[in-house]
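Reproduced below: coords.cif, with mmCIF, C-alpha atoms and all ligand atoms.
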```
data_target
#
loop_
_atom_site.group_PDB
_atom_site.id
_atom_site.type_symbol
_atom_site.label_atom_id
_atom_site.label_comp_id
_atom_site.auth_asym_id
_atom_site.auth_seq_id
_atom_site.Cartn_x
_atom_site.Cartn_y
_atom_site.Cartn_z
ATOM 1 C CA MET A 1 17.371 2.748 10.714
ATOM 2 C CA HIS A 2 14.247 4.480 9.383
ATOM 3 C CA GLU A 3 12.333 1.264 8.578
ATOM 4 C CA ALA A 4 12.808 -0.132 12.108
ATOM 5 C CA SER A 5 11.071 2.842 13.695
ATOM 6 C CA LEU A 6 8.301 2.645 11.073
ATOM 7 C CA ALA A 7 7.807 -1.035 11.857
ATOM 8 C CA GLY A 8 7.516 -0.049 15.536
ATOM 9 C CA SER A 9 4.858 2.557 14.669
ATOM 10 C CA VAL A 10 2.902 0.049 12.590
ATOM 11 C CA LEU A 11 2.957 -2.386 15.495
ATOM 12 C CA ARG A 12 1.727 0.313 17.913
ATOM 13 C CA ILE A 13 -1.137 1.268 15.559
ATOM 14 C CA VAL A 14 -2.180 -2.377 15.229
ATOM 15 C CA GLU A 15 -1.926 -3.032 18.979
ATOM 16 C CA GLN A 16 -4.069 0.022 19.721
ATOM 17 C CA ALA A 17 -6.639 -1.254 17.218
ATOM 18 C CA ALA A 18 -6.532 -4.677 18.900
ATOM 19 C CA VAL A 19 -7.355 -3.104 22.286
ATOM 20 C CA ARG A 20 -10.070 -0.883 20.783
ATOM 21 C CA GLU A 21 -11.704 -3.534 18.622
ATOM 22 C CA GLY A 22 -10.979 -6.536 20.802
ATOM 23 C CA PHE A 23 -9.308 -8.868 18.346
ATOM 24 C CA ALA A 24 -6.589 -11.268 19.361
ATOM 25 C CA ARG A 25 -4.663 -11.864 16.221
ATOM 26 C CA VAL A 26 -4.048 -10.351 12.808
ATOM 27 C CA VAL A 27 -4.169 -12.742 9.878
ATOM 28 C CA ARG A 28 -3.335 -10.244 7.184
ATOM 29 C CA LEU A 29 -1.913 -6.729 7.339
ATOM 30 C CA ARG A 30 -2.154 -4.363 4.381
ATOM 31 C CA LEU A 31 0.195 -1.396 4.241
ATOM 32 C CA ALA A 32 0.399 1.433 1.743
ATOM 33 C CA VAL A 33 3.847 2.912 1.342
ATOM 34 C CA GLY A 34 4.287 6.199 -0.481
ATOM 35 C CA GLU A 35 6.806 6.308 -3.305
ATOM 36 C CA LEU A 36 8.217 9.470 -1.672
ATOM 37 C CA ALA A 37 8.338 8.050 1.868
ATOM 38 C CA SER A 38 11.959 6.889 1.477
ATOM 39 C CA VAL A 39 10.984 3.415 2.610
ATOM 40 C CA GLU A 40 12.627 0.388 1.134
ATOM 41 C CA GLU A 41 10.107 -2.435 0.917
ATOM 42 C CA ALA A 42 12.646 -5.188 1.650
ATOM 43 C CA ALA A 43 14.009 -3.313 4.670
ATOM 44 C CA LEU A 44 10.486 -2.672 5.950
ATOM 45 C CA ARG A 45 9.561 -6.359 5.609
ATOM 46 C CA PHE A 46 12.752 -7.286 7.447
ATOM 47 C CA ALA A 47 12.032 -4.790 10.246
ATOM 48 C CA LEU A 48 8.425 -6.005 10.581
ATOM 49 C CA ALA A 49 9.537 -9.622 10.742
ATOM 50 C CA ALA A 50 11.772 -8.630 13.667
ATOM 51 C CA VAL A 51 9.008 -6.986 15.741
ATOM 52 C CA MET A 52 6.030 -9.252 14.928
ATOM 53 C CA PRO A 53 6.783 -12.459 16.882
ATOM 54 C CA GLY A 54 4.923 -12.631 20.209
ATOM 55 C CA THR A 55 2.552 -9.773 19.263
ATOM 56 C CA VAL A 56 -0.915 -9.658 17.677
ATOM 57 C CA LEU A 57 0.936 -9.619 14.362
ATOM 58 C CA ASP A 58 2.662 -12.929 14.984
ATOM 59 C CA GLY A 59 2.383 -14.989 11.806
ATOM 60 C CA ALA A 60 0.406 -12.360 9.887
ATOM 61 C CA GLN A 61 0.750 -12.088 6.146
ATOM 62 C CA VAL A 62 2.017 -8.638 5.189
ATOM 63 C CA ASP A 63 0.921 -7.037 1.916
ATOM 64 C CA ILE A 64 2.679 -3.851 0.879
ATOM 65 C CA GLU A 65 1.310 -1.656 -1.876
ATOM 66 C CA ILE A 66 3.218 1.282 -3.267
ATOM 67 C CA VAL A 67 1.356 4.584 -3.578
ATOM 68 C CA PRO A 68 2.702 6.674 -6.475
ATOM 69 C CA GLY A 69 4.091 10.085 -5.586
ATOM 70 C CA ARG A 70 2.203 13.138 -6.842
ATOM 71 C CA GLY A 71 2.963 16.810 -6.658
ATOM 72 C CA ARG A 72 1.641 20.261 -7.412
ATOM 73 C CA CYS A 73 3.719 23.076 -8.852
ATOM 74 C CA GLY A 74 3.872 26.156 -6.616
ATOM 75 C CA CYS A 75 4.429 28.361 -9.688
ATOM 76 C CA CYS A 76 1.895 27.319 -12.304
ATOM 77 C CA GLY A 77 -0.345 24.967 -10.328
ATOM 78 C CA HIS A 78 0.343 21.998 -12.581
ATOM 79 C CA GLU A 79 -0.360 18.658 -10.919
ATOM 80 C CA GLY A 80 1.331 15.480 -11.955
ATOM 81 C CA ALA A 81 3.336 12.411 -11.110
ATOM 82 C CA LEU A 82 6.274 13.021 -8.794
ATOM 83 C CA PRO A 83 8.327 9.835 -8.573
ATOM 84 C CA VAL A 84 11.149 11.530 -6.644
ATOM 85 C CA LEU A 85 11.404 14.760 -4.681
ATOM 86 C CA GLY A 86 13.171 17.746 -6.170
ATOM 87 C CA LEU A 87 12.057 17.369 -9.788
ATOM 88 C CA ALA A 88 11.327 20.375 -11.968
ATOM 89 C CA CYS A 89 7.741 21.023 -13.047
ATOM 90 C CA SER A 90 7.107 19.359 -16.405
ATOM 91 C CA GLN A 91 4.855 22.267 -17.389
ATOM 92 C CA CYS A 92 6.811 25.434 -16.521
ATOM 93 C CA GLY A 93 10.222 24.067 -15.502
ATOM 94 C CA ALA A 94 10.232 25.629 -12.034
ATOM 95 C CA TYR A 95 11.735 23.651 -9.161
ATOM 96 C CA ALA A 96 8.573 24.226 -7.150
ATOM 97 C CA MET A 97 6.877 20.835 -7.123
ATOM 98 C CA ARG A 98 5.366 20.211 -3.705
ATOM 99 C CA PRO A 99 4.383 16.644 -2.867
ATOM 100 C CA THR A 100 0.645 16.041 -2.406
ATOM 101 C CA ALA A 101 0.548 12.237 -2.266
ATOM 102 C CA GLY A 102 2.840 9.308 -1.657
ATOM 103 C CA LEU A 103 4.701 10.757 1.334
ATOM 104 C CA ASP A 104 3.601 8.491 4.108
ATOM 105 C CA LEU A 105 3.134 4.942 5.272
ATOM 106 C CA ARG A 106 -0.378 3.864 6.212
ATOM 107 C CA VAL A 107 -2.092 0.824 7.634
ATOM 108 C CA VAL A 108 -4.811 0.244 5.024
ATOM 109 C CA ASP A 109 -6.564 -2.821 6.302
ATOM 110 C CA LEU A 110 -6.385 -5.559 8.900
ATOM 111 C CA GLN A 111 -7.888 -8.984 8.524
ATOM 112 C CA VAL A 112 -8.295 -10.204 12.085
ATOM 113 C CA CYS A 113 -9.169 -13.303 14.039
ATOM 114 C CA ASP A 114 -11.006 -13.206 17.388
ATOM 115 C CA ASP A 115 -9.748 -16.571 18.469
ATOM 116 C CA ALA A 116 -6.752 -16.198 20.763
ATOM 117 C CA GLY A 117 -5.867 -19.879 20.487
HETATM 118 ZN ZN ZN B 201 4.921 24.646 -12.960
#
```
Once you've parsed the file, please lay out its structure as structure tokens.
Amino acid sequence: MHEASLAGSVLRIVEQAAVREGFARVVRLRLAVGELASVEEAALRFALAAVMPGTVLDGAQVDIEIVPGRGRCGCCGHEGALPVLGLACSQCGAYAMRPTAGLDLRVVDLQVCDDAG
């Protein structure tokens, strides 16, 4: 399952930040998920809930924002919204839209607490 490995990556990123920045607990985690990242929000939340207990993310509130997909046409250079991959260019009709945004999952922000207790 795609979302389970993503949840694992998110946890690793946060744990590395915890070591680097010396915080003990995350209160709030903000994620940005690209519209083209093939991530289902419900599945991601479920996968995160499974890996969070006992880690720095235990009990953290998770906010997920969706980043709209965007693309650029390789034929005419038109740039526009790209809600799904494989769409034709709305300007010239070529199937040459290459995604430029909304492909990945990112940790945007962490609200942390230094108190381990
Ligand atoms: Zn085009």
Might I get the box with edges along x, y and z of the file that holds all atoms of region 19-36 of chain A listed there, padded by 8 Å on every side, given as centre and edge lengths in Å to one decimal, as lines of an AutoDock Vina configuration file?
```
center_x = -1.7
center_y = -1.6
center_z = 9.5
size_x = 35.9
size_y = 38.2
size_z = 41.6
```
Test item: residues no farther than 6 Å from ligand ZN 201 (chain B), counting only C-alpha atoms and all ligand atoms, as an mmCIF file with C-alpha atoms, keeping the file's coordinate frame:
```cif
data_model
loop_
_atom_site.group_PDB
_atom_site.id
_atom_site.type_symbol
_atom_site.label_atom_id
_atom_site.label_comp_id
_atom_site.auth_asym_id
_atom_site.auth_seq_id
_atom_site.Cartn_x
_atom_site.Cartn_y
_atom_site.Cartn_z
ATOM 1 C CA CYS A 73 3.719 23.076 -8.852
ATOM 2 C CA CYS A 75 4.429 28.361 -9.688
ATOM 3 C CA CYS A 76 1.895 27.319 -12.304
ATOM 4 C CA GLY A 77 -0.345 24.967 -10.328
ATOM 5 C CA HIS A 78 0.343 21.998 -12.581
ATOM 6 C CA CYS A 89 7.741 21.023 -13.047
ATOM 7 C CA GLN A 91 4.855 22.267 -17.389
ATOM 8 C CA CYS A 92 6.811 25.434 -16.521
ATOM 9 C CA GLY A 93 10.222 24.067 -15.502
ATOM 10 C CA ALA A 94 10.232 25.629 -12.034
#
```
Please provide as a PyMOL selection string all residues within 9 Å of Leu110 (chain A), with the sequence filter that same-chain residues fewer than 4 positions apart are discarded (counting all atoms listed in the file). chain A and resi 14+26-30
Let me know the residues the PyMOL selection byres (((chain A and resi 8) around 12) and not hetatm) catches in the file above, as a list in words.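 When the PyMOL selection byres (((chain A and resi 8) around 12) and not hetatm) is applied, the selected residues are Met1, His2, Glu3, Ala4, Ser5, Leu6, Ala7, Ser9, Val10, Leu11, Arg12, Ile13, Val14, Glu15, Leu44, Arg45, Ala47, Leu48, Ala49, Ala50, Val51, Met52, Thr55 and Leu57 of chain A.
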So the first atom is CA of Glu21 (chain A) and the second is CA of Leu103 (chain A); what is the distance between them in Å, to one decimal place?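 These atoms are spaced 27.8 Å apart.
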Rank A:Pro68, A:Gly22, A:Gly80, A:Gly54 by their smallest atom-to-atom distance to Gly34 (chain A), using all atoms listed in the file, and report the top residue only. A:Pro68
Could you jot down the CA of Gly74 (chain A) to CA of Glu35 (chain A) separation for me, Å, one decimal place?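 CA of Glu35 (chain A) lies at a distance of 20.3 Å from CA of Gly74 (chain A).
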Quote the spacing between CA of Val33 (chain A) and CA of Ile66 (chain A) in Å to one decimal place. 4.9 Å
From the options A:Gln111, A:Leu105, A:Tyr95, A:Gly86, which residue's atoms come nearest to Glu40 (chain A), counting only C-alpha atoms?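 Of the candidates, the smallest distance to Glu40 (chain A) is held by A:Leu105.
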Convert the output of the PyMOL selection byres (((chain A and resi 84) around 12) and not hetatm) on the shown file into explicit residues, formatted as a short mmCIF file (atom, residue, chain, number, x, y, z; two decimals) with C-alpha atoms, keeping the file's coordinate frame.
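Once written, part.cif looks like this:
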```
data_model
loop_
_atom_site.label_atom_id
_atom_site.label_comp_id
_atom_site.auth_asym_id
_atom_site.auth_seq_id
_atom_site.Cartn_x
_atom_site.Cartn_y
_atom_site.Cartn_z
CA GLY A 34 4.29 6.20 -0.48
CA GLU A 35 6.81 6.31 -3.30
CA LEU A 36 8.22 9.47 -1.67
CA ALA A 37 8.34 8.05 1.87
CA SER A 38 11.96 6.89 1.48
CA PRO A 68 2.70 6.67 -6.48
CA GLY A 69 4.09 10.09 -5.59
CA ARG A 70 2.20 13.14 -6.84
CA GLY A 71 2.96 16.81 -6.66
CA GLY A 80 1.33 15.48 -11.96
CA ALA A 81 3.34 12.41 -11.11
CA LEU A 82 6.27 13.02 -8.79
CA PRO A 83 8.33 9.84 -8.57
CA LEU A 85 11.40 14.76 -4.68
CA GLY A 86 13.17 17.75 -6.17
CA LEU A 87 12.06 17.37 -9.79
CA ALA A 88 11.33 20.38 -11.97
CA CYS A 89 7.74 21.02 -13.05
CA MET A 97 6.88 20.84 -7.12
CA ARG A 98 5.37 20.21 -3.70
CA PRO A 99 4.38 16.64 -2.87
CA ALA A 101 0.55 12.24 -2.27
CA GLY A 102 2.84 9.31 -1.66
CA LEU A 103 4.70 10.76 1.33
#
```
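Residue nearest Val62 (chain A) within the list A:Ala42, A:Cys113, A:Asp104, A:Ala17: A:Ala42 [criterion: smallest interatomic distance, all atoms listed in the file].
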Of the listed residues A:Ala18, A:Ala96, A:Leu31, A:Ala43, that which approaches Gln61 (chain A) most closely, counting all atoms listed in the file: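 Under the stated criterion, the closest residue is A:Leu31.
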Which one is closest to Asp63 (chain A): A:Val19, A:Val112, A:Ala32, A:Ala24? Count only C-alpha atoms.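 Looking only at the distances to Asp63 (chain A), the closest residue turns out to be A:Ala32.
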Starting from the incomplete input, reconstruct N, CA and C atoms of region 10-42 of chain A and write that as a compact mmCIF listing (two decimals), in the coordinates of the input.
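The resulting rebuild.txt:
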```txt
# COMPACT_ATOMS: atom_id res chain seq x y z
N VAL A 10 3.95 0.91 13.14
CA VAL A 10 2.90 0.05 12.59
C VAL A 10 2.39 -0.89 13.68
N LEU A 11 3.33 -1.47 14.42
CA LEU A 11 2.96 -2.39 15.50
C LEU A 11 2.10 -1.67 16.55
N ARG A 12 2.50 -0.44 16.91
CA ARG A 12 1.73 0.31 17.91
C ARG A 12 0.31 0.59 17.42
N ILE A 13 0.18 0.99 16.14
CA ILE A 13 -1.14 1.27 15.56
C ILE A 13 -2.02 0.02 15.63
N VAL A 14 -1.43 -1.13 15.26
CA VAL A 14 -2.18 -2.38 15.23
C VAL A 14 -2.55 -2.81 16.65
N GLU A 15 -1.63 -2.63 17.60
CA GLU A 15 -1.93 -3.03 18.98
C GLU A 15 -3.01 -2.16 19.59
N GLN A 16 -3.01 -0.86 19.24
CA GLN A 16 -4.07 0.02 19.72
C GLN A 16 -5.42 -0.41 19.14
N ALA A 17 -5.40 -0.79 17.87
CA ALA A 17 -6.64 -1.25 17.22
C ALA A 17 -7.12 -2.54 17.87
N ALA A 18 -6.18 -3.40 18.26
CA ALA A 18 -6.53 -4.68 18.90
C ALA A 18 -7.23 -4.43 20.23
N VAL A 19 -6.75 -3.44 21.00
CA VAL A 19 -7.36 -3.10 22.29
C VAL A 19 -8.75 -2.51 22.05
N ARG A 20 -8.83 -1.60 21.08
CA ARG A 20 -10.07 -0.88 20.78
C ARG A 20 -11.14 -1.83 20.24
N GLU A 21 -10.72 -2.71 19.33
CA GLU A 21 -11.70 -3.53 18.62
C GLU A 21 -11.78 -4.96 19.18
N GLY A 22 -10.89 -5.26 20.12
CA GLY A 22 -10.98 -6.54 20.80
C GLY A 22 -10.65 -7.77 19.99
N PHE A 23 -9.74 -7.66 19.05
CA PHE A 23 -9.31 -8.87 18.35
C PHE A 23 -8.00 -9.37 18.93
N ALA A 24 -7.74 -10.65 18.73
CA ALA A 24 -6.59 -11.27 19.36
C ALA A 24 -5.41 -11.45 18.42
N ARG A 25 -5.71 -11.52 17.15
CA ARG A 25 -4.66 -11.86 16.22
C ARG A 25 -4.95 -11.25 14.85
N VAL A 26 -3.91 -10.86 14.16
CA VAL A 26 -4.05 -10.35 12.81
C VAL A 26 -3.61 -11.44 11.84
N VAL A 27 -4.48 -11.72 10.87
CA VAL A 27 -4.17 -12.74 9.88
C VAL A 27 -3.43 -12.11 8.70
N ARG A 28 -3.90 -10.90 8.34
CA ARG A 28 -3.34 -10.24 7.18
C ARG A 28 -3.27 -8.74 7.44
N LEU A 29 -2.14 -8.16 7.13
CA LEU A 29 -1.91 -6.73 7.34
C LEU A 29 -1.62 -6.10 5.99
N ARG A 30 -2.40 -5.06 5.65
CA ARG A 30 -2.15 -4.36 4.38
C ARG A 30 -1.60 -2.98 4.65
N LEU A 31 -0.44 -2.70 4.07
CA LEU A 31 0.20 -1.40 4.24
C LEU A 31 0.30 -0.69 2.90
N ALA A 32 0.16 0.62 2.93
CA ALA A 32 0.40 1.43 1.74
C ALA A 32 1.62 2.30 2.02
N VAL A 33 2.61 2.17 1.17
CA VAL A 33 3.85 2.91 1.34
C VAL A 33 3.99 3.90 0.19
N GLY A 34 4.13 5.17 0.53
CA GLY A 34 4.29 6.20 -0.48
C GLY A 34 5.63 6.08 -1.19
N GLU A 35 5.59 6.35 -2.49
CA GLU A 35 6.81 6.31 -3.30
C GLU A 35 7.84 7.33 -2.80
N LEU A 36 7.33 8.40 -2.16
CA LEU A 36 8.22 9.47 -1.67
C LEU A 36 8.55 9.33 -0.18
N ALA A 37 8.15 8.21 0.42
CA ALA A 37 8.34 8.05 1.87
C ALA A 37 9.74 7.58 2.24
N SER A 38 10.59 7.37 1.26
CA SER A 38 11.96 6.89 1.48
C SER A 38 11.97 5.59 2.27
N VAL A 39 11.05 4.70 1.94
CA VAL A 39 10.98 3.42 2.61
C VAL A 39 11.34 2.33 1.60
N GLU A 40 12.26 1.49 2.00
CA GLU A 40 12.63 0.39 1.13
C GLU A 40 11.78 -0.82 1.54
N GLU A 41 11.05 -1.37 0.59
CA GLU A 41 10.11 -2.44 0.92
C GLU A 41 10.80 -3.62 1.60
N ALA A 42 11.94 -4.03 1.08
CA ALA A 42 12.65 -5.19 1.65
C ALA A 42 13.07 -4.90 3.09
```
